[in-house]
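> Would you mind keeping the following structure in view while I ask a few things?
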Amino acid sequence: LSEVDDLFAAALGDAGDDPALLAPLRLRLAWAALVDGQPARGESEADLAAALARTAGDTPTEAMALTVKATASRVMGRSDYAATLERALALPQPALNGWLHMSPRYTAARFAVFDDRLEEAREDLLRMLALTERGSGEELVEVLRSLSEVSARLGRCRDALDFAGRAIRIAEETGLSPGPGWYNGAIAELAGGSVARAAAYAERGVKASEQERDSIYLGRHLHALGAARMRSGDIRGGVEALLRIRDMERSQGLDAPLVLRWHSDLASGLA
């Protein structure tokens with residue numbers, strides 16, 4: 001994100017007043033705001049993108065804009081995210097052209113992970129994996145990462161390591177950000193591999209996320225790093241990493257553990 005501010009400004013100028021051009025641009029701005037730790041702004045951009053998409057008759061973009069709005073609502077601890085996602089699911093879904101990981105269908109699977117409906121999430125994600133094998137690298141990486149997370153949570157440790165390894169390799173081959181894949185590498189290693197490798201993935205992921213202004217994965221890597229440090233006996237270092245998440249979320253106005261559950265680990269470390 002640190003490299004695209006000028007591009008967004010130029011794109012807005014080129015789009016003029018054309019809703020067909022502005023809708024997908026506002027959608028990207030909405031997602032960028034979420035990544036940058038500004039969920040309220042992300043929701044405002046998503047509302048604007050959805051309205052523009054309706055004007056232009058672009059129902060797939062409207063569905064994705066509502067999906068971003070649902071994600072922002074959940075991150076901010078509101079209960080209306082489910083109704084918003086249902087509205088998105090009722091619209092025609094985006095085609096398999098690089099957008100599956102921002103689709104209502106994929107987000108519904110992610111919400112199932114957050115809700116501990118893990119078998120349901122796994123079944124949906126395995127079906128998506130069959131589709132994304134023919135899609136873009138980013139789609140495939142996102143589905144593999146989610147499958148790795150679900151596998152780790154279900155105790156399928158070998159699957160978790162395999163899915164994470166594939167995601168990391170594909171991200172490297174296609175030039176995608178390494179941070180998200182490293183996070184799932186860390187989680188998989190914590191579940192069934194090496195605590196030292198988990199810490200190494202998380203440490204590199206913290207640096208990458210800081211450089212890329214990715215607040216979503218900065219928080220996740222700090223959580224993985226805190227857990228790895230405490231398991232290795234470095235309680236003070238683990239608590240310091242988790243306190244960074246608390247301070248970061250407070251600065252963003254977030255206080256609900258509906259997505260990232262670091263709170264119990266911090267309580268254990270403090271005790």
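Going through the structure tokens in order, the chains are called A, B, and so on, while each chain numbers its residues from 1 and the ligands are numbered from 1 in the order shown.
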Counting only C-alpha atoms, what is within 8 Å of A:Gly205, bar same-chain residues fewer than 4 positions away, as a list in words?
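Non-adjacent residues within range: Pro178, Gly179, Pro180, Trp182, Tyr183, Tyr201, Ser209, Tyr217, Leu218 and His221 of chain A.
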> Set the distance at 12 Å and use only C-alpha atoms: which residues neighbour A:Asp159 once local chain neighbours fewer than 2 positions away are removed? I'd like the list as number ranges by chain.
A: 122, 144-157, 161-166, 184-185, 188-189, 191-193
> Extract, using only C-alpha atoms, all DNA, RNA and protein residues at most 8 Å from stretch 91-103 of chain A, discarding same-chain residues fewer than 2 positions from it, and format them as JSON, numbers by chain.
{"A": [59, 60, 61, 63, 64, 67, 68, 87, 88, 89, 105, 106, 107, 131, 132, 135, 136, 137, 138, 139, 142, 143]}
> Using only C-alpha atoms, what does the table of stretch 48-96 of chain A residues within 8 Å of stretch 242-262 of chain A look like, with each row giving the shortest atom pair and its distance in Å to one decimal, sorted by chain and ascending number, as a tab-separated table?

```
residue	atom	partner	partner_atom	distance
A:Arg74	CA	A:Leu258	CA	6.7
A:Val75	CA	A:Val259	CA	6.5
A:Met76	CA	A:Leu254	CA	5.6
A:Gly77	CA	A:Ala256	CA	5.1
```
> What lies within 12 Å of stretch 22-32 of chain A using only C-alpha atoms, ignoring chain neighbours under 6 positions off, as a PyMOL selection string?
chain A and resi 1-5+7-16+38-72+99+101-103+212-216
> Keeping C-alpha atoms for every residue in the selection just given, could you write it to a file as a PDB file, in the first residue's frame?

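Generated file (out.pdb):
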```pdb
ATOM      1  CA  LEU A   1       0.000   0.000   0.000  1.00  0.00           C
ATOM      2  CA  SER A   2       2.907   2.352   0.590  1.00  0.00           C
ATOM      3  CA  GLU A   3       3.489   2.393  -3.176  1.00  0.00           C
ATOM      4  CA  VAL A   4      -0.019   2.869  -4.570  1.00  0.00           C
ATOM      5  CA  ASP A   5      -1.329   6.185  -3.183  1.00  0.00           C
ATOM      6  CA  LEU A   7      -1.887   5.313  -8.508  1.00  0.00           C
ATOM      7  CA  PHE A   8      -5.211   5.614  -6.694  1.00  0.00           C
ATOM      8  CA  ALA A   9      -5.177   9.402  -7.102  1.00  0.00           C
ATOM      9  CA  ALA A  10      -4.440   9.125 -10.824  1.00  0.00           C
ATOM     10  CA  ALA A  11      -7.098   6.441 -11.290  1.00  0.00           C
ATOM     11  CA  LEU A  12      -9.756   8.586  -9.591  1.00  0.00           C
ATOM     12  CA  GLY A  13      -8.897  11.421 -11.944  1.00  0.00           C
ATOM     13  CA  ASP A  14      -9.107   9.170 -14.992  1.00  0.00           C
ATOM     14  CA  ALA A  15     -12.424   7.636 -13.879  1.00  0.00           C
ATOM     15  CA  GLY A  16     -14.151  11.012 -13.769  1.00  0.00           C
ATOM     16  CA  GLN A  38      -8.951   1.801   8.884  1.00  0.00           C
ATOM     17  CA  PRO A  39     -12.130  -0.332   8.993  1.00  0.00           C
ATOM     18  CA  ALA A  40     -14.525   2.628   9.339  1.00  0.00           C
ATOM     19  CA  ARG A  41     -13.086   4.232   6.224  1.00  0.00           C
ATOM     20  CA  GLY A  42     -13.160   0.851   4.500  1.00  0.00           C
ATOM     21  CA  GLU A  43     -16.872   0.542   5.229  1.00  0.00           C
ATOM     22  CA  SER A  44     -17.552   4.045   3.871  1.00  0.00           C
ATOM     23  CA  GLU A  45     -15.667   3.256   0.661  1.00  0.00           C
ATOM     24  CA  ALA A  46     -17.521  -0.059   0.380  1.00  0.00           C
ATOM     25  CA  ASP A  47     -20.893   1.696   0.726  1.00  0.00           C
ATOM     26  CA  LEU A  48     -19.896   4.102  -2.039  1.00  0.00           C
ATOM     27  CA  ALA A  49     -18.641   1.253  -4.245  1.00  0.00           C
ATOM     28  CA  ALA A  50     -21.903  -0.676  -3.787  1.00  0.00           C
ATOM     29  CA  ALA A  51     -24.019   2.370  -4.685  1.00  0.00           C
ATOM     30  CA  LEU A  52     -21.920   3.085  -7.782  1.00  0.00           C
ATOM     31  CA  ALA A  53     -22.063  -0.562  -8.840  1.00  0.00           C
ATOM     32  CA  ARG A  54     -25.866  -0.588  -8.553  1.00  0.00           C
ATOM     33  CA  THR A  55     -26.017   2.525 -10.732  1.00  0.00           C
ATOM     34  CA  ALA A  56     -23.772   0.877 -13.314  1.00  0.00           C
ATOM     35  CA  GLY A  57     -25.632  -2.463 -13.170  1.00  0.00           C
ATOM     36  CA  ASP A  58     -22.404  -4.195 -12.069  1.00  0.00           C
ATOM     37  CA  THR A  59     -23.802  -6.792  -9.678  1.00  0.00           C
ATOM     38  CA  PRO A  60     -20.548  -8.765  -9.105  1.00  0.00           C
ATOM     39  CA  THR A  61     -18.790  -5.587  -7.949  1.00  0.00           C
ATOM     40  CA  GLU A  62     -21.788  -4.720  -5.764  1.00  0.00           C
ATOM     41  CA  ALA A  63     -21.564  -8.198  -4.193  1.00  0.00           C
ATOM     42  CA  MET A  64     -17.870  -7.751  -3.449  1.00  0.00           C
ATOM     43  CA  ALA A  65     -18.445  -4.265  -2.015  1.00  0.00           C
ATOM     44  CA  LEU A  66     -21.092  -5.637   0.340  1.00  0.00           C
ATOM     45  CA  THR A  67     -18.629  -8.384   1.295  1.00  0.00           C
ATOM     46  CA  VAL A  68     -16.015  -5.804   2.277  1.00  0.00           C
ATOM     47  CA  LYS A  69     -18.698  -3.964   4.267  1.00  0.00           C
ATOM     48  CA  ALA A  70     -19.578  -7.202   6.086  1.00  0.00           C
ATOM     49  CA  THR A  71     -15.912  -7.792   6.877  1.00  0.00           C
ATOM     50  CA  ALA A  72     -15.512  -4.258   8.232  1.00  0.00           C
ATOM     51  CA  TRP A  99     -11.492 -12.184  -7.459  1.00  0.00           C
ATOM     52  CA  HIS A 101     -10.827 -14.548  -2.556  1.00  0.00           C
ATOM     53  CA  MET A 102     -12.873 -11.327  -2.296  1.00  0.00           C
ATOM     54  CA  SER A 103     -16.166 -13.001  -3.139  1.00  0.00           C
ATOM     55  CA  GLU A 212       3.772  -3.091   3.369  1.00  0.00           C
ATOM     56  CA  ARG A 213       1.427  -1.248   5.793  1.00  0.00           C
ATOM     57  CA  ASP A 214      -0.568  -4.441   6.220  1.00  0.00           C
ATOM     58  CA  SER A 215      -2.174  -4.088   9.644  1.00  0.00           C
ATOM     59  CA  ILE A 216      -4.209  -7.279   9.210  1.00  0.00           C
TER      60      ILE A 216
END
```
> Tell me, as a list in words, which residues lie within 10 Å of A:Gly269, counting only C-alpha atoms; anything in the same chain fewer than 6 positions away does not count.
Gly226, Ala227, Met230, Asp234, Ile235, Arg236, Gly237, Gly238, Val239, Glu240, Leu242 and His263 of chain A
> Generate a file of the selected residues that holds N, CA, C and O atoms, formatted as a short mmCIF file (atom, residue, chain, number, x, y, z; two decimals), in the first residue's frame.

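Output contents, as saved in again.cif:
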```cif
data_model
loop_
_atom_site.label_atom_id
_atom_site.label_comp_id
_atom_site.auth_asym_id
_atom_site.auth_seq_id
_atom_site.Cartn_x
_atom_site.Cartn_y
_atom_site.Cartn_z
N GLY A 226 4.02 -14.10 19.47
CA GLY A 226 3.82 -14.17 20.91
C GLY A 226 3.65 -15.59 21.40
O GLY A 226 4.23 -16.01 22.41
N ALA A 227 2.84 -16.37 20.67
CA ALA A 227 2.61 -17.77 21.05
C ALA A 227 3.91 -18.57 20.96
O ALA A 227 4.22 -19.38 21.85
N MET A 230 6.31 -17.68 23.88
CA MET A 230 5.91 -18.22 25.17
C MET A 230 6.11 -19.73 25.24
O MET A 230 6.48 -20.26 26.27
N ASP A 234 10.16 -17.87 26.50
CA ASP A 234 10.37 -16.41 26.55
C ASP A 234 9.03 -15.73 26.83
O ASP A 234 8.41 -15.14 25.94
N ILE A 235 8.58 -15.80 28.08
CA ILE A 235 7.27 -15.26 28.43
C ILE A 235 7.24 -13.75 28.24
O ILE A 235 6.28 -13.20 27.69
N ARG A 236 8.29 -13.07 28.69
CA ARG A 236 8.30 -11.62 28.57
C ARG A 236 8.24 -11.18 27.10
O ARG A 236 7.49 -10.27 26.74
N GLY A 237 9.01 -11.84 26.24
CA GLY A 237 8.98 -11.50 24.82
C GLY A 237 7.63 -11.78 24.19
O GLY A 237 7.16 -11.02 23.34
N GLY A 238 7.00 -12.87 24.61
CA GLY A 238 5.67 -13.18 24.09
C GLY A 238 4.65 -12.15 24.50
O GLY A 238 3.82 -11.71 23.68
N VAL A 239 4.68 -11.75 25.77
CA VAL A 239 3.74 -10.73 26.25
C VAL A 239 3.96 -9.41 25.52
O VAL A 239 3.00 -8.72 25.14
N GLU A 240 5.21 -9.05 25.28
CA GLU A 240 5.50 -7.79 24.56
C GLU A 240 4.87 -7.81 23.17
O GLU A 240 4.30 -6.81 22.71
N LEU A 242 2.22 -9.54 22.18
CA LEU A 242 0.77 -9.49 22.30
C LEU A 242 0.29 -8.11 22.74
O LEU A 242 -0.78 -7.66 22.31
N HIS A 263 -6.45 -12.55 23.02
CA HIS A 263 -6.71 -12.09 24.38
C HIS A 263 -6.37 -13.15 25.43
O HIS A 263 -5.77 -12.82 26.48
#
```
> Which of these, A:Glu173, A:Gly233, A:Asp265, A:Thr84, has the shortest distance to A:Pro104 once you count only C-alpha atoms?
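Looking at the shortest contact to A:Pro104, the residue is A:Thr84.
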> Rounded to one decimal place, report the atom CA of A:Glu203-atom CA of A:Ala167 distance in Å.
18.2 Å
> Where in stretch 92-261 of chain A does DSSP assign helix (DSSP H, G or I), given as an NGL selection string?
:A and (100-102 or 104-114 or 118-132 or 137-154 or 157-174 or 179-192 or 195-212 or 215-231 or 235-251)
> Can you tell me how far atom CA of A:Ala196 sits from atom CA of A:His223, in Å to one decimal?
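A separation of 14.9 Å between them.
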> Which is closer to A:Ala202 than all the others in A:Leu118, A:Ile170, A:Ala241, A:Arg231, using only C-alpha atoms?
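Among A:Leu118, A:Ile170, A:Ala241, A:Arg231, it is A:Ala241 that comes nearest to A:Ala202.
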> How far is it from atom CA of A:Gly181 to atom CA of A:Asp36, in Å with one decimal?
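A separation of 18.2 Å between them.
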> Tell me which of A:Leu125, A:Leu85, A:Ala109, A:Leu222 sits closest to A:Val206, counting only C-alpha atoms.
A:Leu222
> Which of these, A:Leu190, A:Ser232, A:Ala200, A:Asp115, has the shortest distance to A:Arg158 once you count only C-alpha atoms?
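Closest residue, counting only C-alpha atoms: A:Leu190.
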> Of the candidates A:Val35, A:Leu21, A:Val113, A:Ala228, which one gets nearest to A:Ser194 if we count only C-alpha atoms?
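Nearest to A:Ser194: A:Ala228.
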